[in-house]
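Trainee: If you scroll down you'll find the structure; I have some questions about it.
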Amino acid sequence: MIKSLRGMNDILSEDYERYTYFINTATKIAQNYGFHFIETPLLEETALFKRSVGESSDIVGKEMYQFTDKGENDVCLRPEGTAGVVRAFIQKKLDKAGGTHRFFYHGAMFRYERPQKGRLRQFHQFGVESFGQDNVYEDATMIMMVADILKELGIGYRLQLNSLGDNNCMPDYKTKLINFVTEYKDEICEDCVRRLETNPIRVLDCKNSKCQELYTNAPKLLQNLCSTCSDDFDTLKKVLDDNDISYEIDTNLVRGLDYYSKTAFEFVSDNIGSQSAIAGGGRYDRLVEFLDGKATPAVGFAMGIERLMELIEMPSTCRDGYYIGAMDEEAISLVVKTAQDKRKTNKTIIDYKARNLMKHLKAADKVNARFCAVIGSNEIKDGTIWVKDLQNKTEEVISLKEF
Ligand code: HAM
């Protein structure tokens with residue numbers, strides 16, 4: 001028997017209900033915030049991710065589904081959504097048009113990671129990207145949007161917050177950090193030695209406990225911000241305070257992708273095991289220019305749908321729509337026609353086989369229909385249909401026309 005690949009799951013039945021409930025809820029909230037749907041291809045040029053997510057990241061360094069296609073192009077299944085949205089934004093010349101452009105998207109992402117609970121090779125994200133706003137209120141708005149979505153789904157969280165500085169303060173900080181870490185060059189892990197060359201601030205979230213111990217007294221990002229970054233970070237905290245969103249400051253939160261500057265944030269859950277990040281994002285003011293667009297400030301986030309599906313409190317399902325069945329062979333075609341009419345206004349499920357009433361009632365109950373309606377030879381003769389309201393437990397025979 002052929003099975004799905006390791007780390008790649010089917011989403012069906014109860015999972016599918018959770019999945020669509022999540023998408024519908026998040027979509028409605030994103031639209032309330034003025035975001036528009038965007039869909040970008042699953043496959044892009046590998047160079048797009050190398051230049052945006054960054055060569056030093058684990059994603060690009062170790063986890064890409066990368067191959068040469070039949071036209072000899074170096075391509076890659078998207079490991080995340082931001083890079084493709086930025087590419088589309090530039091390709092459509094929205095960078096030159098100016099103004100604010102806000103997008104949301106959802107779909108499959110691919111990372112060749114070691115699968116475990118909450119960590120898949122094909123997973124789904126819901127993400128948003130906002131272009132054209134350099135105001136820190138937009139960062140706060142992003143965070144509040146995630147908080148709104150989680151609240152609506154009944155999901156508790158901890159919010160971790162940091163600022164990574166900008167072109168003004170980051171270079172000096174990097175030099176200080178490199179000087180500090182270089183002192184321990186013989187003791188730190190191989191990955192950190194590499195990070196020193198490629199993206200030094202990534203040493204700060206090294207998972208190696210020995211490295212973490214060595215970095216205890218390393219210079220702290222938040223103590224090395226320039227006045228603009230520091231003021232913006234203060235404003236961000238104040239907006240969150242004013243809106244009753246609690247947060248923890250984590251000066252070592254640097255995120256696993258290289259494109260961030262200034263605000264970085266992560267939402268974590270304590271109820272899903274070690275893969276606890278349920279959403280993450282931040283500002284990426286340099287990325288549009290870096291991908292050859294006109295410099296445009298931007299900020300966004302993405303949520304991991306599979307991790308959230310474990311936590312969603314589903315509303316109790318109430319009965320919905322119609323189930324229509326035939327009691328006799330000769331009634332089947334009338335049942336089909338009646339169902340076609342009913343579908344114009346209501347969810348309607350049909351059974352193509354003639355069965356007795358008990359069987360139809362059971363089947364209607366199984367699909368959670370509100371009404372079970374049946375047609376037999378008597379009803380054909382009278383032009384009627386028998387309808388039972390499975391919620392209120394009432395039944396009646398009405399004319400087909402009225403139905
Ligand atoms: P990310 O933190 O790499 O950010 O991913 C966002 C979320 O996707 C994570 O918090 C997690 O819930 C989920 N996720 C990541 N990897 C996996 C996996 N292997 N299995 C299951 N879930 C996973 C980004 O992707 C950025 N593009 C977010 C962003 C948008 N920043 C700015 N705009």
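Starting from 1 in every chain, residues are counted up; chains themselves are A, B, ... following the order of the structure tokens, and ligands are numbered from 1 as listed.
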I need the residues in segment 176-289 of chain A that are strand (DSSP E) according to DSSP; give them as an MDAnalysis selection string.
Mentor: chainID A and resid 248:249 261:268 277:283
Trainee: For the residues selected in the previous step, produce a file with all heavy atoms as a CSV table (one decimal), in the first residue's frame.
Mentor:
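Saved as part.csv:
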```
chain,number,residue,atom,x,y,z
A,248,GLU,N,6.0,39.1,27.2
A,248,GLU,CA,7.3,38.9,28.0
A,248,GLU,C,8.3,39.5,27.0
A,248,GLU,O,8.3,39.3,25.8
A,248,GLU,CB,7.5,37.4,28.2
A,248,GLU,CG,6.5,36.7,28.9
A,248,GLU,CD,6.5,35.2,28.7
A,248,GLU,OE1,7.4,34.7,28.0
A,248,GLU,OE2,5.6,34.5,29.2
A,249,ILE,N,9.3,40.2,27.6
A,249,ILE,CA,10.4,40.7,26.8
A,249,ILE,C,11.5,39.6,26.7
A,249,ILE,O,11.9,39.1,27.8
A,249,ILE,CB,11.0,42.0,27.4
A,249,ILE,CG1,9.9,43.1,27.6
A,249,ILE,CG2,12.2,42.5,26.5
A,249,ILE,CD1,9.3,43.6,26.3
A,261,SER,N,14.1,43.2,11.0
A,261,SER,CA,14.7,44.3,11.7
A,261,SER,C,13.7,44.8,12.7
A,261,SER,O,12.5,44.6,12.5
A,261,SER,CB,15.1,45.4,10.7
A,261,SER,OG,14.0,45.8,9.9
A,262,LYS,N,14.1,45.6,13.7
A,262,LYS,CA,13.2,46.1,14.7
A,262,LYS,C,12.3,45.1,15.3
A,262,LYS,O,12.8,44.0,15.7
A,262,LYS,CB,12.4,47.3,14.1
A,262,LYS,CG,13.3,48.4,13.6
A,262,LYS,CD,12.6,49.6,13.1
A,262,LYS,CE,12.4,50.7,14.1
A,262,LYS,NZ,11.8,51.9,13.6
A,263,THR,N,10.9,45.3,15.3
A,263,THR,CA,10.1,44.4,16.0
A,263,THR,C,10.2,42.9,15.6
A,263,THR,O,10.1,42.6,14.4
A,263,THR,CB,8.6,44.8,15.8
A,263,THR,OG1,8.5,46.2,16.1
A,263,THR,CG2,7.6,44.0,16.7
A,264,ALA,N,10.3,42.0,16.6
A,264,ALA,CA,10.2,40.6,16.3
A,264,ALA,C,9.3,40.0,17.4
A,264,ALA,O,9.4,40.4,18.6
A,264,ALA,CB,11.6,39.9,16.4
A,265,PHE,N,8.4,39.1,17.1
A,265,PHE,CA,7.6,38.5,18.1
A,265,PHE,C,7.2,37.1,17.8
A,265,PHE,O,7.3,36.6,16.7
A,265,PHE,CB,6.3,39.4,18.3
A,265,PHE,CG,5.4,39.5,17.0
A,265,PHE,CD1,4.5,38.5,16.7
A,265,PHE,CD2,5.6,40.5,16.2
A,265,PHE,CE1,3.7,38.6,15.6
A,265,PHE,CE2,4.8,40.6,15.0
A,265,PHE,CZ,3.9,39.7,14.7
A,266,GLU,N,6.9,36.4,18.9
A,266,GLU,CA,6.5,35.0,18.8
A,266,GLU,C,5.4,34.7,19.8
A,266,GLU,O,5.5,35.2,20.9
A,266,GLU,CB,7.7,34.1,19.0
A,266,GLU,CG,7.7,33.0,18.0
A,266,GLU,CD,9.1,32.4,17.8
A,266,GLU,OE1,9.6,31.7,18.8
A,266,GLU,OE2,9.7,32.6,16.7
A,267,PHE,N,4.3,34.0,19.4
A,267,PHE,CA,3.3,33.5,20.3
A,267,PHE,C,3.5,32.1,20.5
A,267,PHE,O,3.7,31.3,19.6
A,267,PHE,CB,1.9,33.7,19.6
A,267,PHE,CG,1.4,35.1,19.5
A,267,PHE,CD1,1.9,36.0,18.6
A,267,PHE,CD2,0.4,35.5,20.4
A,267,PHE,CE1,1.4,37.3,18.6
A,267,PHE,CE2,-0.1,36.8,20.4
A,267,PHE,CZ,0.4,37.7,19.5
A,268,VAL,N,3.6,31.7,21.8
A,268,VAL,CA,3.8,30.3,22.1
A,268,VAL,C,2.7,29.8,23.0
A,268,VAL,O,2.0,30.5,23.7
A,268,VAL,CB,5.2,30.1,22.9
A,268,VAL,CG1,6.4,30.4,22.0
A,268,VAL,CG2,5.3,30.9,24.2
A,277,ALA,N,5.8,27.1,19.3
A,277,ALA,CA,5.5,28.4,18.6
A,277,ALA,C,4.3,28.2,17.7
A,277,ALA,O,4.2,27.3,16.9
A,277,ALA,CB,6.7,28.8,17.7
A,278,ILE,N,3.3,29.0,18.0
A,278,ILE,CA,2.0,28.9,17.2
A,278,ILE,C,1.9,30.0,16.2
A,278,ILE,O,1.2,29.9,15.2
A,278,ILE,CB,0.8,28.9,18.1
A,278,ILE,CG1,0.8,30.0,19.2
A,278,ILE,CG2,0.7,27.5,18.8
A,278,ILE,CD1,-0.5,30.0,20.1
A,279,ALA,N,2.7,31.1,16.4
A,279,ALA,CA,2.7,32.2,15.4
A,279,ALA,C,4.0,33.0,15.6
A,279,ALA,O,4.5,33.1,16.7
A,279,ALA,CB,1.5,33.1,15.6
A,280,GLY,N,4.5,33.6,14.5
A,280,GLY,CA,5.7,34.4,14.6
A,280,GLY,C,5.7,35.4,13.5
A,280,GLY,O,5.1,35.3,12.5
A,281,GLY,N,6.4,36.5,13.8
A,281,GLY,CA,6.5,37.5,12.8
A,281,GLY,C,7.4,38.7,13.2
A,281,GLY,O,8.1,38.6,14.2
A,282,GLY,N,7.2,39.8,12.5
A,282,GLY,CA,8.0,41.0,12.8
A,282,GLY,C,8.1,41.9,11.6
A,282,GLY,O,7.5,41.7,10.5
A,283,ARG,N,9.0,42.9,11.8
A,283,ARG,CA,9.2,43.9,10.7
A,283,ARG,C,10.3,43.5,9.8
A,283,ARG,O,11.3,42.9,10.3
A,283,ARG,CB,9.5,45.2,11.4
A,283,ARG,CG,9.5,46.4,10.6
A,283,ARG,CD,9.4,47.7,11.3
A,283,ARG,NE,8.0,48.1,11.4
A,283,ARG,CZ,7.2,48.6,10.4
A,283,ARG,NH1,7.8,48.8,9.2
A,283,ARG,NH2,6.0,48.9,10.6
```
Trainee: Please report as a tab-separated table every residue of segment 288-346 of chain A lying within 10 Å of segment 67-91 of chain A, along with the nearest atom pair and their distance in Å (one decimal), using only C-alpha atoms.
Mentor:
```
residue	atom	partner	partner_atom	distance
A:Val288	CA	A:Val86	CA	6.4
A:Glu289	CA	A:Ile90	CA	9.3
A:Leu291	CA	A:Arg87	CA	7.3
A:Asp292	CA	A:Ile90	CA	7.9
A:Gly293	CA	A:Ile90	CA	5.5
A:Lys294	CA	A:Ile90	CA	8.0
A:Thr296	CA	A:Ile90	CA	10.0
A:Ala298	CA	A:Val86	CA	9.3
A:Val299	CA	A:Thr82	CA	9.7
A:Gly300	CA	A:Thr82	CA	8.0
A:Phe301	CA	A:Thr82	CA	8.5
A:Ala302	CA	A:Gly81	CA	8.0
```
Trainee: May I have the residues within 12 Å of Ser274 of chain A as a JSON list (two decimals) with N, CA and C atoms, in the first residue's frame, using only C-alpha atoms and disregarding those fewer than 4 positions away in the same chain?
Mentor:
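And here's part.json as it stands now:
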```json
[["chain", "number", "residue", "atom", "x", "y", "z"],
["A", 116, "GLN", "N", 8.31, 15.39, 14.00],
["A", 116, "GLN", "CA", 7.92, 14.99, 15.35],
["A", 116, "GLN", "C", 6.58, 15.67, 15.63],
["A", 117, "LYS", "N", 6.05, 15.45, 16.83],
["A", 117, "LYS", "CA", 4.74, 16.06, 17.13],
["A", 117, "LYS", "C", 4.82, 17.58, 16.92],
["A", 118, "GLY", "N", 3.92, 18.10, 16.08],
["A", 118, "GLY", "CA", 3.89, 19.55, 15.84],
["A", 118, "GLY", "C", 4.93, 20.03, 14.85],
["A", 119, "ARG", "N", 5.77, 19.11, 14.35],
["A", 119, "ARG", "CA", 6.75, 19.54, 13.35],
["A", 119, "ARG", "C", 6.63, 18.67, 12.11],
["A", 268, "VAL", "N", 3.60, 31.71, 21.82],
["A", 268, "VAL", "CA", 3.83, 30.30, 22.15],
["A", 268, "VAL", "C", 2.70, 29.77, 23.02],
["A", 269, "SER", "N", 2.50, 28.44, 22.92],
["A", 269, "SER", "CA", 1.49, 27.79, 23.73],
["A", 269, "SER", "C", 2.19, 26.82, 24.67],
["A", 270, "ASP", "N", 1.71, 26.71, 25.90],
["A", 270, "ASP", "CA", 2.31, 25.75, 26.84],
["A", 270, "ASP", "C", 1.57, 24.42, 26.80],
["A", 278, "ILE", "N", 3.28, 29.02, 18.01],
["A", 278, "ILE", "CA", 2.05, 28.92, 17.22],
["A", 278, "ILE", "C", 1.94, 30.04, 16.19],
["A", 307, "ARG", "N", -0.49, 23.23, 14.35],
["A", 307, "ARG", "CA", -0.30, 23.39, 15.80],
["A", 307, "ARG", "C", -1.55, 24.00, 16.44]]
```
Trainee: Using only C-alpha atoms, which protein or nucleic acid residues come within 12 Å of Ile11 of chain A? Drop anything in the same chain fewer than 5 positions from it, and give the result as a VMD selection string.
Mentor: chain A and resid 4 16 to 20 108 122 to 124 305 to 306 309
Trainee: For the selection you just gave me, I'd like the residues written to a file as a CSV table (one decimal), in the first residue's frame, keeping all heavy atoms.
Mentor:
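Result written to selection02.csv:
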```csv
chain,number,residue,atom,x,y,z
A,4,SER,N,1.3,8.2,2.6
A,4,SER,CA,1.8,9.5,2.4
A,4,SER,C,3.3,9.6,2.9
A,4,SER,O,3.7,8.8,3.7
A,4,SER,CB,1.0,10.5,3.2
A,4,SER,OG,1.1,10.3,4.6
A,16,TYR,N,-10.6,18.3,9.0
A,16,TYR,CA,-10.9,19.3,7.9
A,16,TYR,C,-11.9,20.3,8.5
A,16,TYR,O,-11.8,21.5,8.2
A,16,TYR,CB,-11.6,18.5,6.8
A,16,TYR,CG,-11.9,19.4,5.6
A,16,TYR,CD1,-10.8,20.0,4.9
A,16,TYR,CD2,-13.2,19.8,5.3
A,16,TYR,CE1,-11.1,20.9,3.9
A,16,TYR,CE2,-13.4,20.7,4.3
A,16,TYR,CZ,-12.4,21.2,3.6
A,16,TYR,OH,-12.6,22.1,2.6
A,17,GLU,N,-12.8,19.9,9.4
A,17,GLU,CA,-13.7,20.8,10.0
A,17,GLU,C,-13.0,21.8,10.8
A,17,GLU,O,-13.3,23.0,10.8
A,17,GLU,CB,-14.7,20.1,10.9
A,17,GLU,CG,-16.0,19.6,10.2
A,17,GLU,CD,-16.8,18.7,11.0
A,17,GLU,OE1,-16.9,18.9,12.2
A,17,GLU,OE2,-17.4,17.8,10.4
A,18,ARG,N,-12.0,21.4,11.6
A,18,ARG,CA,-11.1,22.3,12.3
A,18,ARG,C,-10.4,23.3,11.4
A,18,ARG,O,-10.3,24.4,11.7
A,18,ARG,CB,-10.1,21.5,13.2
A,18,ARG,CG,-10.7,20.9,14.4
A,18,ARG,CD,-9.8,20.0,15.2
A,18,ARG,NE,-10.5,19.7,16.3
A,18,ARG,CZ,-10.5,20.3,17.5
A,18,ARG,NH1,-9.7,21.4,17.6
A,18,ARG,NH2,-11.3,20.0,18.5
A,19,TYR,N,-9.8,22.7,10.3
A,19,TYR,CA,-9.0,23.4,9.4
A,19,TYR,C,-9.9,24.6,8.8
A,19,TYR,O,-9.5,25.7,8.8
A,19,TYR,CB,-8.5,22.5,8.3
A,19,TYR,CG,-7.5,23.2,7.4
A,19,TYR,CD1,-6.2,23.1,7.7
A,19,TYR,CD2,-7.9,23.9,6.2
A,19,TYR,CE1,-5.2,23.8,6.9
A,19,TYR,CE2,-7.0,24.5,5.4
A,19,TYR,CZ,-5.7,24.4,5.7
A,19,TYR,OH,-4.8,25.0,4.9
A,20,THR,N,-11.1,24.2,8.3
A,20,THR,CA,-11.9,25.3,7.6
A,20,THR,C,-12.4,26.3,8.7
A,20,THR,O,-12.6,27.4,8.4
A,20,THR,CB,-13.1,24.6,6.8
A,20,THR,OG1,-13.7,23.7,7.7
A,20,THR,CG2,-12.6,24.0,5.6
A,108,ALA,N,0.0,25.5,2.0
A,108,ALA,CA,1.1,24.6,2.4
A,108,ALA,C,2.5,25.2,2.2
A,108,ALA,O,2.7,26.0,1.3
A,108,ALA,CB,1.0,23.3,1.5
A,122,GLN,N,5.4,19.0,5.4
A,122,GLN,CA,4.4,19.8,4.8
A,122,GLN,C,3.4,20.3,5.8
A,122,GLN,O,2.8,19.5,6.5
A,122,GLN,CB,3.6,19.1,3.7
A,122,GLN,CG,2.5,19.9,3.1
A,122,GLN,CD,1.8,19.3,1.9
A,122,GLN,OE1,2.3,18.5,1.2
A,122,GLN,NE2,0.6,19.8,1.6
A,123,PHE,N,3.4,21.6,6.0
A,123,PHE,CA,2.5,22.1,7.0
A,123,PHE,C,1.8,23.3,6.4
A,123,PHE,O,2.1,23.7,5.3
A,123,PHE,CB,3.2,22.5,8.3
A,123,PHE,CG,4.3,23.5,8.1
A,123,PHE,CD1,4.1,24.9,8.4
A,123,PHE,CD2,5.6,23.2,7.6
A,123,PHE,CE1,5.1,25.8,8.2
A,123,PHE,CE2,6.5,24.1,7.4
A,123,PHE,CZ,6.3,25.5,7.7
A,124,HIS,N,0.8,23.9,7.1
A,124,HIS,CA,0.0,25.0,6.6
A,124,HIS,C,0.1,26.2,7.4
A,124,HIS,O,0.1,26.1,8.7
A,124,HIS,CB,-1.4,24.5,6.4
A,124,HIS,CG,-1.6,23.4,5.5
A,124,HIS,ND1,-1.3,22.1,5.8
A,124,HIS,CD2,-2.0,23.4,4.2
A,124,HIS,CE1,-1.5,21.4,4.7
A,124,HIS,NE2,-1.9,22.1,3.7
A,305,ILE,N,-0.9,26.3,11.2
A,305,ILE,CA,-2.3,25.9,11.4
A,305,ILE,C,-2.4,24.5,12.1
A,305,ILE,O,-3.2,24.3,13.0
A,305,ILE,CB,-3.1,25.8,10.0
A,305,ILE,CG1,-3.0,27.2,9.4
A,305,ILE,CG2,-4.5,25.4,10.2
A,305,ILE,CD1,-3.7,27.4,8.0
A,306,GLU,N,-1.5,23.6,11.8
A,306,GLU,CA,-1.6,22.2,12.4
A,306,GLU,C,-1.4,22.4,13.9
A,306,GLU,O,-2.1,21.7,14.7
A,306,GLU,CB,-0.5,21.3,11.8
A,306,GLU,CG,-0.9,20.7,10.5
A,306,GLU,CD,-0.6,21.6,9.3
A,306,GLU,OE1,-0.2,22.7,9.5
A,306,GLU,OE2,-0.8,21.1,8.2
A,309,MET,N,-4.6,23.7,15.3
A,309,MET,CA,-5.8,22.8,15.3
A,309,MET,C,-5.8,21.9,16.5
A,309,MET,O,-6.9,21.5,16.9
A,309,MET,CB,-5.7,21.9,14.0
A,309,MET,CG,-6.2,22.6,12.8
A,309,MET,SD,-5.7,21.9,11.3
A,309,MET,CE,-6.3,20.2,11.4
```
Trainee: Just the residues within 12 Å of segment 319-331 of chain A, please, counting only C-alpha atoms, with nothing from its chain fewer than 6 positions along; format it as number ranges by chain.
Mentor: A: 337-381, 383-392, 403
Trainee: Got time to write the residues from that selection, C-alpha atoms, as a compact mmCIF listing (two decimals), in the first residue's frame?
Mentor:
```
# COMPACT_ATOMS: atom_id res chain seq x y z
CA LYS A 337 -34.79 17.06 -8.62
CA THR A 338 -36.13 18.19 -5.24
CA ALA A 339 -32.62 18.20 -3.77
CA GLN A 340 -31.35 20.30 -6.68
CA ASP A 341 -33.99 22.94 -5.91
CA LYS A 342 -33.35 22.86 -2.17
CA ARG A 343 -29.57 23.30 -2.66
CA LYS A 344 -30.16 26.76 -4.04
CA THR A 345 -30.89 27.94 -0.50
CA ASN A 346 -29.82 25.21 1.94
CA LYS A 347 -27.17 22.60 2.56
CA THR A 348 -28.78 19.43 1.19
CA ILE A 349 -27.47 15.88 1.31
CA ILE A 350 -29.05 13.17 -0.81
CA ASP A 351 -29.15 9.36 -0.77
CA TYR A 352 -29.44 7.75 -4.21
CA LYS A 353 -30.71 4.41 -2.90
CA ALA A 354 -34.32 3.60 -2.01
CA ARG A 355 -34.46 2.63 1.71
CA ASN A 356 -36.99 2.33 4.50
CA LEU A 357 -37.75 5.27 6.76
CA MET A 358 -35.71 4.01 9.74
CA LYS A 359 -32.57 3.79 7.59
CA HIS A 360 -33.06 7.30 6.21
CA LEU A 361 -33.59 8.75 9.69
CA LYS A 362 -30.38 7.12 10.89
CA ALA A 363 -28.44 8.40 7.88
CA ALA A 364 -29.84 11.94 8.36
CA ASP A 365 -28.77 11.84 11.99
CA LYS A 366 -25.28 10.68 11.02
CA VAL A 367 -24.70 13.68 8.73
CA ASN A 368 -26.13 16.01 11.40
CA ALA A 369 -28.96 17.26 9.20
CA ARG A 370 -31.66 19.40 10.78
CA PHE A 371 -34.42 17.92 8.59
CA CYS A 372 -34.94 14.43 7.19
CA ALA A 373 -37.26 14.49 4.14
CA VAL A 374 -38.44 11.42 2.23
CA ILE A 375 -40.49 10.72 -0.87
CA GLY A 376 -42.20 7.36 -1.58
CA SER A 377 -44.84 6.20 -4.04
CA ASN A 378 -47.68 7.69 -1.89
CA GLU A 379 -46.00 11.08 -1.86
CA ILE A 380 -45.45 10.94 -5.64
CA LYS A 381 -49.17 10.29 -6.08
CA GLY A 383 -47.36 15.59 -4.83
CA THR A 384 -46.13 15.75 -1.21
CA ILE A 385 -43.01 15.12 0.89
CA TRP A 386 -42.67 13.81 4.46
CA VAL A 387 -40.42 16.03 6.59
CA LYS A 388 -39.13 15.48 10.12
CA ASP A 389 -37.44 18.25 12.11
CA LEU A 390 -34.74 16.26 13.93
CA GLN A 391 -34.09 19.05 16.40
CA ASN A 392 -37.63 19.84 17.52
CA PHE A 403 -41.22 22.43 0.43
```
Trainee: I'd like to know which of A:Ser276, A:Asn199, A:Thr46, A:Gln223 is closest to ligand 1, using only C-alpha atoms and all ligand atoms.
Mentor: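 Nearest to ligand 1: A:Ser276.
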Trainee: Give me every helix (DSSP H, G or I) residue in segment 235-349 of chain A, going by DSSP on the backbone, as a VMD selection string.
Mentor: chain A and resid 235 to 242 287 to 290 305 to 309 329 to 342
Trainee: Only N, CA, C and O atoms, please: the residues just picked out, written as a CSV table (one decimal), in the first residue's frame.
Mentor:
```
chain,number,residue,atom,x,y,z
A,235,THR,N,6.8,52.6,22.4
A,235,THR,CA,5.5,52.9,21.9
A,235,THR,C,4.7,51.6,21.7
A,235,THR,O,3.6,51.4,22.1
A,236,LEU,N,5.4,50.6,21.1
A,236,LEU,CA,4.8,49.3,20.9
A,236,LEU,C,4.3,48.7,22.2
A,236,LEU,O,3.2,48.2,22.3
A,237,LYS,N,5.2,48.7,23.2
A,237,LYS,CA,4.8,48.2,24.5
A,237,LYS,C,3.6,48.9,25.1
A,237,LYS,O,2.6,48.3,25.7
A,238,LYS,N,3.6,50.2,24.9
A,238,LYS,CA,2.5,51.0,25.5
A,238,LYS,C,1.1,50.7,24.8
A,238,LYS,O,0.1,50.5,25.4
A,239,VAL,N,1.2,50.5,23.4
A,239,VAL,CA,0.0,50.2,22.7
A,239,VAL,C,-0.6,48.9,23.2
A,239,VAL,O,-1.8,48.7,23.4
A,240,LEU,N,0.3,47.9,23.4
A,240,LEU,CA,-0.1,46.6,23.9
A,240,LEU,C,-0.7,46.7,25.3
A,240,LEU,O,-1.7,46.1,25.6
A,241,ASP,N,0.0,47.5,26.1
A,241,ASP,CA,-0.5,47.7,27.5
A,241,ASP,C,-1.9,48.3,27.4
A,241,ASP,O,-2.9,47.8,28.1
A,242,ASP,N,-2.1,49.3,26.6
A,242,ASP,CA,-3.4,50.0,26.5
A,242,ASP,C,-4.5,49.1,26.0
A,242,ASP,O,-5.6,49.3,26.3
A,287,LEU,N,13.7,44.1,3.2
A,287,LEU,CA,13.6,43.0,2.3
A,287,LEU,C,13.1,43.4,0.9
A,287,LEU,O,13.7,42.8,-0.1
A,288,VAL,N,12.2,44.3,0.7
A,288,VAL,CA,11.7,44.7,-0.6
A,288,VAL,C,12.9,45.2,-1.4
A,288,VAL,O,13.1,44.8,-2.6
A,289,GLU,N,13.7,46.1,-0.8
A,289,GLU,CA,14.8,46.6,-1.5
A,289,GLU,C,15.9,45.5,-1.9
A,289,GLU,O,16.4,45.5,-2.9
A,290,PHE,N,16.0,44.6,-0.9
A,290,PHE,CA,17.0,43.5,-1.1
A,290,PHE,C,16.6,42.6,-2.2
A,290,PHE,O,17.4,42.0,-2.9
A,305,ILE,N,-0.9,26.3,11.2
A,305,ILE,CA,-2.3,25.9,11.4
A,305,ILE,C,-2.4,24.5,12.1
A,305,ILE,O,-3.2,24.3,13.0
A,306,GLU,N,-1.5,23.6,11.8
A,306,GLU,CA,-1.6,22.2,12.4
A,306,GLU,C,-1.4,22.4,13.9
A,306,GLU,O,-2.1,21.7,14.7
A,307,ARG,N,-0.5,23.2,14.3
A,307,ARG,CA,-0.3,23.4,15.8
A,307,ARG,C,-1.5,24.0,16.4
A,307,ARG,O,-1.9,23.6,17.5
A,308,LEU,N,-2.2,24.9,15.7
A,308,LEU,CA,-3.4,25.6,16.3
A,308,LEU,C,-4.6,24.6,16.3
A,308,LEU,O,-5.4,24.7,17.2
A,309,MET,N,-4.6,23.7,15.3
A,309,MET,CA,-5.8,22.8,15.3
A,309,MET,C,-5.8,21.9,16.5
A,309,MET,O,-6.9,21.5,16.9
A,329,GLU,N,-37.9,2.9,-5.4
A,329,GLU,CA,-37.1,3.1,-6.6
A,329,GLU,C,-37.6,4.3,-7.5
A,329,GLU,O,-36.9,5.1,-7.9
A,330,GLU,N,-39.0,4.2,-7.7
A,330,GLU,CA,-39.6,5.2,-8.6
A,330,GLU,C,-39.5,6.7,-8.1
A,330,GLU,O,-39.7,7.6,-8.9
A,331,ALA,N,-39.2,6.8,-6.8
A,331,ALA,CA,-39.1,8.2,-6.3
A,331,ALA,C,-37.7,8.8,-6.4
A,331,ALA,O,-37.5,10.0,-6.2
A,332,ILE,N,-36.7,8.0,-6.8
A,332,ILE,CA,-35.3,8.5,-6.8
A,332,ILE,C,-35.2,9.8,-7.7
A,332,ILE,O,-34.6,10.8,-7.3
A,333,SER,N,-35.7,9.7,-8.9
A,333,SER,CA,-35.5,10.9,-9.8
A,333,SER,C,-36.1,12.1,-9.2
A,333,SER,O,-35.6,13.2,-9.3
A,334,LEU,N,-37.3,12.0,-8.6
A,334,LEU,CA,-38.0,13.1,-8.0
A,334,LEU,C,-37.1,13.7,-6.8
A,334,LEU,O,-37.0,14.9,-6.6
A,335,VAL,N,-36.5,12.7,-6.0
A,335,VAL,CA,-35.7,13.1,-4.9
A,335,VAL,C,-34.5,14.0,-5.4
A,335,VAL,O,-34.1,15.0,-4.9
A,336,VAL,N,-33.9,13.5,-6.6
A,336,VAL,CA,-32.7,14.2,-7.1
A,336,VAL,C,-33.2,15.6,-7.5
A,336,VAL,O,-32.5,16.6,-7.2
A,337,LYS,N,-34.3,15.7,-8.2
A,337,LYS,CA,-34.8,17.1,-8.6
A,337,LYS,C,-35.1,18.0,-7.4
A,337,LYS,O,-34.7,19.1,-7.4
A,338,THR,N,-35.8,17.4,-6.4
A,338,THR,CA,-36.1,18.2,-5.2
A,338,THR,C,-34.9,18.7,-4.5
A,338,THR,O,-34.8,19.8,-4.1
A,339,ALA,N,-33.9,17.8,-4.4
A,339,ALA,CA,-32.6,18.2,-3.8
A,339,ALA,C,-31.9,19.3,-4.5
A,339,ALA,O,-31.4,20.3,-3.9
A,340,GLN,N,-32.0,19.2,-5.9
A,340,GLN,CA,-31.3,20.3,-6.7
A,340,GLN,C,-32.0,21.7,-6.4
A,340,GLN,O,-31.3,22.7,-6.2
A,341,ASP,N,-33.3,21.7,-6.2
A,341,ASP,CA,-34.0,22.9,-5.9
A,341,ASP,C,-33.6,23.4,-4.5
A,341,ASP,O,-33.3,24.6,-4.3
A,342,LYS,N,-33.6,22.5,-3.6
A,342,LYS,CA,-33.3,22.9,-2.2
A,342,LYS,C,-31.9,23.4,-2.0
A,342,LYS,O,-31.7,24.3,-1.2
```
Trainee: Counting only C-alpha atoms and all ligand atoms, figure out which residue out of A:Phe110, A:Tyr173, A:Phe180, A:Tyr157 gets nearest to ligand 1.
Mentor: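 That would be A:Phe110, the residue with the smallest distance to ligand 1.
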Trainee: When you look at Cys226 of chain A with a cut-off of 8 Å (counting only C-alpha atoms), what residues show up, excluding the ones that are within fewer than 5 positions of it in the same chain? I need them as a list in words.
Mentor: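 My reading of the contact set: Gly165, Asn168 and Cys169 of chain A.
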Trainee: Take the residues from that selection and write them out as a PDB file, in the first residue's frame, keeping C-alpha atoms.
Mentor:
```pdb
ATOM      1  CA  GLY A 165      17.372  47.278  15.853  1.00  0.00           C
ATOM      2  CA  ASN A 168      21.615  52.561  12.436  1.00  0.00           C
ATOM      3  CA  CYS A 169      22.213  50.567  15.619  1.00  0.00           C
TER       4      CYS A 169
END
```
Trainee: How many Å lie between atom CA of Leu311 of chain A and atom CA of Thr40 of chain A, rounded to one decimal?
Mentor: 27.8 Å
